[in-house]
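S.K.: Before I ask anything, here is the structure I am working with.
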Amino acid sequence: MITQAFVLGAGLGTRLRPLTDELPKTLVPVFGKPLITFALDHLLAAGVQSFVVNTHHLSEHFQAAFGSGAYRSHPLSLIHEPVLLETGGGIKNAEPLLTEPTFLLYSGDILTDLPLAPLIEEHFRAGNEVTLALRSTGLGSQVAFREGRILDIGGRDRPAGNYDYANVSVWNRSAFARFSLGKKISFIPMLVDWIREGGRVGGVVIEQGTWFNLRSAKDYLALHQTIANQPWRPDYLWPNDWPIRIAPGAMVEPDAQVTGASFVGTGCKVGAEALIRDSIIWPGAQIASCSRLERCIVRSQRRVEGKLTDAII
């Protein structure tokens with residue numbers, strides 16, 4: 001069992017703009033639930049007892065969400081990066097807080113229910129220093145993986161890649177020595193060098209479960225449609241009533257319609273005879289009477305009226 005996890009929350013989320021002009025990508029809500037909390041719930045179900053989360057962009061929102069120092073009564077420490085250090089630099093920066101011999105690394109901007117037990121079991125079985133979860137994501141195949149070993153990542157003259165990194169991995173503390181404090185660097189080139197020096201960097205292919213990576217506002221809307229239509233709800237998830245369509249505290253007039261894969265956030269007001277179809281309304285927004293919204297995203301505290309399609313407000 002691994003009891004500590006480092007969850008990456010510091011990314012800029014540039015491809016998800018303008019949504020990330022207001023919130024860090026990892027706090028963007030999915031049916032009202034912040035994206036990073038799916039990772040935290042998943043890790044708790046796997047036996048993790050404490051978390052470290054790095055922050056950079058709009059870090060005050062992390063303070064608002066986790067300023068108590070806990071998530072679901074489990075310790076959660078925030079470590080801020082005034083200068084974005086990328087994944088490798090972020091791992092080194094968190095070294096003082098990652099005190100266990102082994103920790104899970106999990107990207108806070110993915111949404112998945114892939115089983116974590118095979119990854120943890122393979123790490124200890126093979127005696128690896130680092131073990132990556134691999135799968136066919138449809139987004140890339142940069143990882144060359146053969147017979148339990150990672151041979152290269154993103155190489156041009158080495159074995160061809162056949163899997164993608166699923167953004168979840170297991171690391172031993174020995175990896176800290178491979179990074180320099182304060183240096184901005186991805187962990188990928190470090191792993192490539194370590195592999196070439198004979199380091200035990202392994203992997204396990206996990207095709208079970210579902211895996212989402214939000215790359216655009218269009219993906220964000222499509223995710224809500226997938227969740228609503230499948231329906232998709234991981235066993236590990238908290239709270240038990242997720243997903244909801246109309247949040248507590250929202251005011252929706254009786255003759256207004258909220259249909260399809262729509263969500264209306266807390267504090268929202270939806271006026272008489274308004275129609276909201278396949279649209280996401282963030283907290284505090286106001287939708288005027290007789291408005292028509294289809295495949296729209298309305299950010300917090302905005303006011304909308306009229307007929308809008310495929311718009312971000």
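If you're wondering about the labels, chains in the structure tokens are A, B, ... by order shown, residues count from 1 in each chain, ligands from 1 in order shown.
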Would you please give, as a list in words, all residues of stretch 71-107 of chain A that DSSP assigns to strand (DSSP E or B) based on the backbone?

M.R.: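 Here is the list: Tyr71, His74, Pro75, Leu76, Ser77, Leu78, Ile79, His80, Thr102, Phe103, Leu104, Leu105, Tyr106 and Ser107 of chain A.
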
S.K.: What's the 8 Å shell around A:Pro254, counting only C-alpha atoms, without same-chain residues fewer than 2 positions away, as a list of chain:residue names?

M.R.: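 The residues satisfying every condition are A:Val252, A:Ala256, A:Ala272.
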
S.K.: Please provide the set of residues having any atom within 12 Å of stretch 20-23 of chain A, restricted to only C-alpha atoms, with same-chain residues fewer than 2 positions apart removed, written as a PyMOL selection string.

M.R.: chain A and resi 9-18+25-29+34-35+55-62+64-65+109+214-217+220+282+298-302+313

S.K.: Counting only C-alpha atoms, which residue out of A:Ile280, A:Val52, A:Ala175, A:Leu114 sits closest to A:Phe38?

M.R.: A:Leu114

S.K.: Expressed in Å to a single decimal, how great is the separation between atom CA of A:Phe51 and atom CA of A:Val168?

M.R.: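 Taking atom CA of A:Phe51 as the start and atom CA of A:Val168 as the end point, the length is 14.4 Å.
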
S.K.: May I ask for the distance between atom CA of A:Gly32 and atom CA of A:Val270, given in Å to one decimal place?

M.R.: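 Going from atom CA of A:Gly32 over to atom CA of A:Val270 covers 16.5 Å.
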
S.K.: Please identify which residues in stretch 34-253 of chain A DSSP calls helix (DSSP H, G or I) from the backbone, and express them as a PDB file with C-alpha atoms, in the first residue's frame.

M.R.:
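Printed below is states.pdb as written:
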ATOM      1  CA  LEU A  35     -11.786  18.318 -11.391  1.00  0.00           C
ATOM      2  CA  ILE A  36      -8.930  17.661  -8.940  1.00  0.00           C
ATOM      3  CA  THR A  37     -11.275  16.104  -6.391  1.00  0.00           C
ATOM      4  CA  PHE A  38     -11.842  13.150  -8.728  1.00  0.00           C
ATOM      5  CA  ALA A  39      -8.113  12.413  -8.414  1.00  0.00           C
ATOM      6  CA  LEU A  40      -8.245  12.801  -4.632  1.00  0.00           C
ATOM      7  CA  ASP A  41     -11.233  10.467  -4.323  1.00  0.00           C
ATOM      8  CA  HIS A  42      -9.547   7.921  -6.600  1.00  0.00           C
ATOM      9  CA  LEU A  43      -6.380   7.979  -4.526  1.00  0.00           C
ATOM     10  CA  LEU A  44      -8.246   7.671  -1.227  1.00  0.00           C
ATOM     11  CA  ALA A  45      -9.962   4.556  -2.549  1.00  0.00           C
ATOM     12  CA  GLU A  60      -5.755  31.719  -4.209  1.00  0.00           C
ATOM     13  CA  HIS A  61      -8.523  29.417  -5.426  1.00  0.00           C
ATOM     14  CA  PHE A  62      -6.660  26.415  -3.993  1.00  0.00           C
ATOM     15  CA  GLN A  63      -6.445  28.227  -0.678  1.00  0.00           C
ATOM     16  CA  ALA A  64     -10.189  28.754  -0.777  1.00  0.00           C
ATOM     17  CA  ALA A  65     -10.830  25.087  -1.597  1.00  0.00           C
ATOM     18  CA  PHE A  66      -8.246  23.430   0.668  1.00  0.00           C
ATOM     19  CA  GLU A  86       6.977  21.808 -14.653  1.00  0.00           C
ATOM     20  CA  THR A  87       6.605  18.207 -13.518  1.00  0.00           C
ATOM     21  CA  GLY A  88      10.212  17.362 -12.673  1.00  0.00           C
ATOM     22  CA  GLY A  89      10.952  20.629 -10.931  1.00  0.00           C
ATOM     23  CA  GLY A  90       7.658  20.322  -9.085  1.00  0.00           C
ATOM     24  CA  ILE A  91       8.554  16.865  -7.794  1.00  0.00           C
ATOM     25  CA  LYS A  92      11.895  18.132  -6.459  1.00  0.00           C
ATOM     26  CA  ASN A  93      10.262  21.183  -4.903  1.00  0.00           C
ATOM     27  CA  ALA A 117      -3.973  -1.664  -7.854  1.00  0.00           C
ATOM     28  CA  PRO A 118      -2.139  -3.198 -10.881  1.00  0.00           C
ATOM     29  CA  LEU A 119       0.181  -0.178 -11.036  1.00  0.00           C
ATOM     30  CA  ILE A 120       1.092  -0.384  -7.352  1.00  0.00           C
ATOM     31  CA  GLU A 121       1.498  -4.160  -7.453  1.00  0.00           C
ATOM     32  CA  GLU A 122       3.791  -4.034 -10.498  1.00  0.00           C
ATOM     33  CA  HIS A 123       5.980  -1.360  -8.943  1.00  0.00           C
ATOM     34  CA  PHE A 124       6.811  -3.516  -5.915  1.00  0.00           C
ATOM     35  CA  ARG A 125       6.855  -6.815  -7.796  1.00  0.00           C
ATOM     36  CA  ALA A 126       9.437  -5.551 -10.302  1.00  0.00           C
ATOM     37  CA  ARG A 173      12.290   8.785  -3.100  1.00  0.00           C
ATOM     38  CA  SER A 174      15.538   7.867  -4.865  1.00  0.00           C
ATOM     39  CA  ALA A 175      14.216   9.884  -7.833  1.00  0.00           C
ATOM     40  CA  PHE A 176      14.666  13.172  -5.943  1.00  0.00           C
ATOM     41  CA  ALA A 177      18.409  12.960  -6.411  1.00  0.00           C
ATOM     42  CA  ARG A 178      17.948  13.093 -10.172  1.00  0.00           C
ATOM     43  CA  PHE A 187      10.391  14.597 -15.582  1.00  0.00           C
ATOM     44  CA  ILE A 188      10.457  12.940 -19.030  1.00  0.00           C
ATOM     45  CA  PRO A 189      14.073  13.811 -20.012  1.00  0.00           C
ATOM     46  CA  MET A 190      15.226  12.768 -16.552  1.00  0.00           C
ATOM     47  CA  LEU A 191      13.562   9.383 -16.981  1.00  0.00           C
ATOM     48  CA  VAL A 192      15.096   8.963 -20.443  1.00  0.00           C
ATOM     49  CA  ASP A 193      18.579   9.620 -19.040  1.00  0.00           C
ATOM     50  CA  TRP A 194      17.950   7.272 -16.124  1.00  0.00           C
ATOM     51  CA  ILE A 195      16.795   4.516 -18.477  1.00  0.00           C
ATOM     52  CA  ARG A 196      19.962   4.887 -20.551  1.00  0.00           C
ATOM     53  CA  ALA A 217     -13.778  23.966 -23.999  1.00  0.00           C
ATOM     54  CA  LYS A 218     -15.355  21.667 -26.594  1.00  0.00           C
ATOM     55  CA  ASP A 219     -13.922  18.676 -24.723  1.00  0.00           C
ATOM     56  CA  TYR A 220     -15.367  20.131 -21.518  1.00  0.00           C
ATOM     57  CA  LEU A 221     -18.889  20.142 -22.914  1.00  0.00           C
ATOM     58  CA  ALA A 222     -18.406  16.713 -24.511  1.00  0.00           C
ATOM     59  CA  LEU A 223     -17.312  15.307 -21.143  1.00  0.00           C
ATOM     60  CA  HIS A 224     -20.578  16.388 -19.559  1.00  0.00           C
ATOM     61  CA  GLN A 225     -22.507  14.761 -22.383  1.00  0.00           C
ATOM     62  CA  THR A 226     -20.566  11.508 -21.959  1.00  0.00           C
ATOM     63  CA  ILE A 227     -21.134  11.460 -18.214  1.00  0.00           C
ATOM     64  CA  ALA A 228     -24.831  12.157 -18.662  1.00  0.00           C
ATOM     65  CA  ASN A 229     -25.441   9.715 -21.503  1.00  0.00           C
TER      66      ASN A 229
END

S.K.: With only C-alpha atoms as the counted atoms, please give the residues lying no more than 6 Å from A:Asp278, apart from itself and same-chain residues fewer than 2 positions off, as a list of chain:residue names.

M.R.: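 Counting only C-alpha atoms, the residues come to A:Gly260, A:Ala261, A:Ser262, A:Glu294, A:Arg295.
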
S.K.: Let's have the selection written as a compact mmCIF listing (two decimals), in the first residue's frame, with C-alpha atoms.

M.R.:
# COMPACT_ATOMS: atom_id res chain seq x y z
CA GLY A 260 -29.79 17.32 -21.88
CA ALA A 261 -26.32 17.32 -20.29
CA SER A 262 -26.87 20.63 -18.53
CA GLU A 294 -27.62 25.51 -26.39
CA ARG A 295 -24.13 24.01 -25.90
